[in-house]
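Data first, discussion second: the structure below is written as structure tokens.
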Amino acid sequence: MKKSFSLIELIIVIVIVAILYSSINFTLSNTSLNQAADKLINHINYTRHLAIKDNKMQYYPINGSIIEMNRSKYWFKQWWQLRISKTSNGDYFYEIFSDSPTNSDSTNFNKIGSHINEFAIDPYNNLYMDGNYNNPNKKLNLSYYNIKKILYNGNIFSSSIRIIFDGYGNCYISEGDKGDNGDINPYNIIKREPLLDVAKITLCQDDNCETNISLCISPKIGNTYLCN
């Protein structure tokens, strides 16, 4: 007579396999979430470092326009920023860049496709930190870590999230209502909004945000850390 498993034994085996699968799946998911958060935290800190050490300045106006006159009057205004964006395919990515002091001189531009900005260089692999524009630095694509949704202060991600640092390491969340034109005093808090309260970014691996991790950015200095 051949030995066979009883129904109860089969059920027990199935339950054990299901538990093991869930544990492994949760561990892998949790690992990728932490990797995404750790990388984002490190790169926000790197952005602040770049802003503090930057010494770019346009010493004289290229022409007599208001924009050019202001560009030479104020210290380099666009500063360094980490911008989280979303592709047309729904993938989240981020990039680190600092706009050139002037759009009248293209000699200092790094050109990637049709997207012209002064991107940071990743110190670990020497790649431009654009994350999306035909660049091989795919780990700046948050979808690489299975990120399905991003919340900013509890709200669904809209067009972009900007974390901007000036030369003193102060943190801002907006380029101001003049955008990239560079024709405003960078320290006019009416035009350019400083970060005055803790900002929270939540990375989710599902549409309901049940599997998530959050990082908080402290006001003024932009210190970034994991939070609940």
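Each chain in the structure tokens gets a letter, A, B and so on, in the order shown; residues start at 1 in every chain, and ligands are counted from 1 in the order they appear.
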- prompt: Contacts of Ile41 in chain A at 10 Å or less, counting only C-alpha atoms, minus same-chain residues fewer than 6 places along, as a ChimeraX atom specification?
  reply: /A:35,47,215-217,223-226
query: Which neighbours of Asn155 in chain A fall inside 12 Å, counting only C-alpha atoms, when residues of the same chain fewer than 5 positions from it are skipped, and could you give them as JSON, numbers by chain?
result: {"A": [149, 150, 161, 199, 200, 201, 202, 203, 209]}
Write the selection just made, keeping N, CA and C atoms, as a JSON list (two decimals), in the first residue's frame?
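The new file result-v6.json reads:
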```json
[["chain", "number", "residue", "atom", "x", "y", "z"],
["A", 149, "LYS", "N", 3.73, 54.98, -6.18],
["A", 149, "LYS", "CA", 3.07, 56.25, -5.87],
["A", 149, "LYS", "C", 3.94, 57.02, -4.88],
["A", 150, "ILE", "N", 3.90, 58.35, -4.97],
["A", 150, "ILE", "CA", 4.62, 59.21, -4.04],
["A", 150, "ILE", "C", 3.66, 60.24, -3.47],
["A", 161, "ILE", "N", 8.32, 67.64, -7.28],
["A", 161, "ILE", "CA", 8.71, 68.04, -5.93],
["A", 161, "ILE", "C", 10.13, 68.59, -6.02],
["A", 199, "ALA", "N", 8.75, 68.88, 5.91],
["A", 199, "ALA", "CA", 8.15, 68.33, 4.69],
["A", 199, "ALA", "C", 8.31, 66.81, 4.72],
["A", 200, "LYS", "N", 7.27, 66.10, 4.30],
["A", 200, "LYS", "CA", 7.27, 64.64, 4.35],
["A", 200, "LYS", "C", 7.04, 64.05, 2.98],
["A", 201, "ILE", "N", 7.94, 63.18, 2.56],
["A", 201, "ILE", "CA", 7.82, 62.47, 1.30],
["A", 201, "ILE", "C", 7.61, 61.00, 1.59],
["A", 202, "THR", "N", 6.53, 60.42, 1.09],
["A", 202, "THR", "CA", 6.21, 59.02, 1.33],
["A", 202, "THR", "C", 6.31, 58.24, 0.02],
["A", 203, "LEU", "N", 7.14, 57.21, 0.03],
["A", 203, "LEU", "CA", 7.31, 56.33, -1.12],
["A", 203, "LEU", "C", 6.45, 55.09, -0.93],
["A", 209, "CYS", "N", -0.84, 52.65, -0.91],
["A", 209, "CYS", "CA", 0.22, 53.09, 0.02],
["A", 209, "CYS", "C", 0.25, 52.26, 1.31]]
```
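CA of Trp80 in chain A sits 14.0 Å away from CA of Pro194 in chain A.
From CA of Ser174 in chain A back to CA of Arg48 in chain A, the distance works out to 15.1 Å.
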- prompt: Which neighbours of Phe93 in chain A fall inside 8 Å, counting only C-alpha atoms, when residues of the same chain fewer than 6 positions from it are skipped, and could you give them as a list of chain:residue names?
  reply: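 Residues meeting the cut-off are A:Ile84, A:Ser85, A:Lys86, A:Thr87, A:Gly131, A:Asn132, A:Leu140, A:Asn141, A:Leu142, A:Ser143.
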task: May I have the residues within 8 Å of Asp206 in chain A as a count of residues only, using only C-alpha atoms and disregarding those fewer than 2 positions away in the same chain?
output: 8
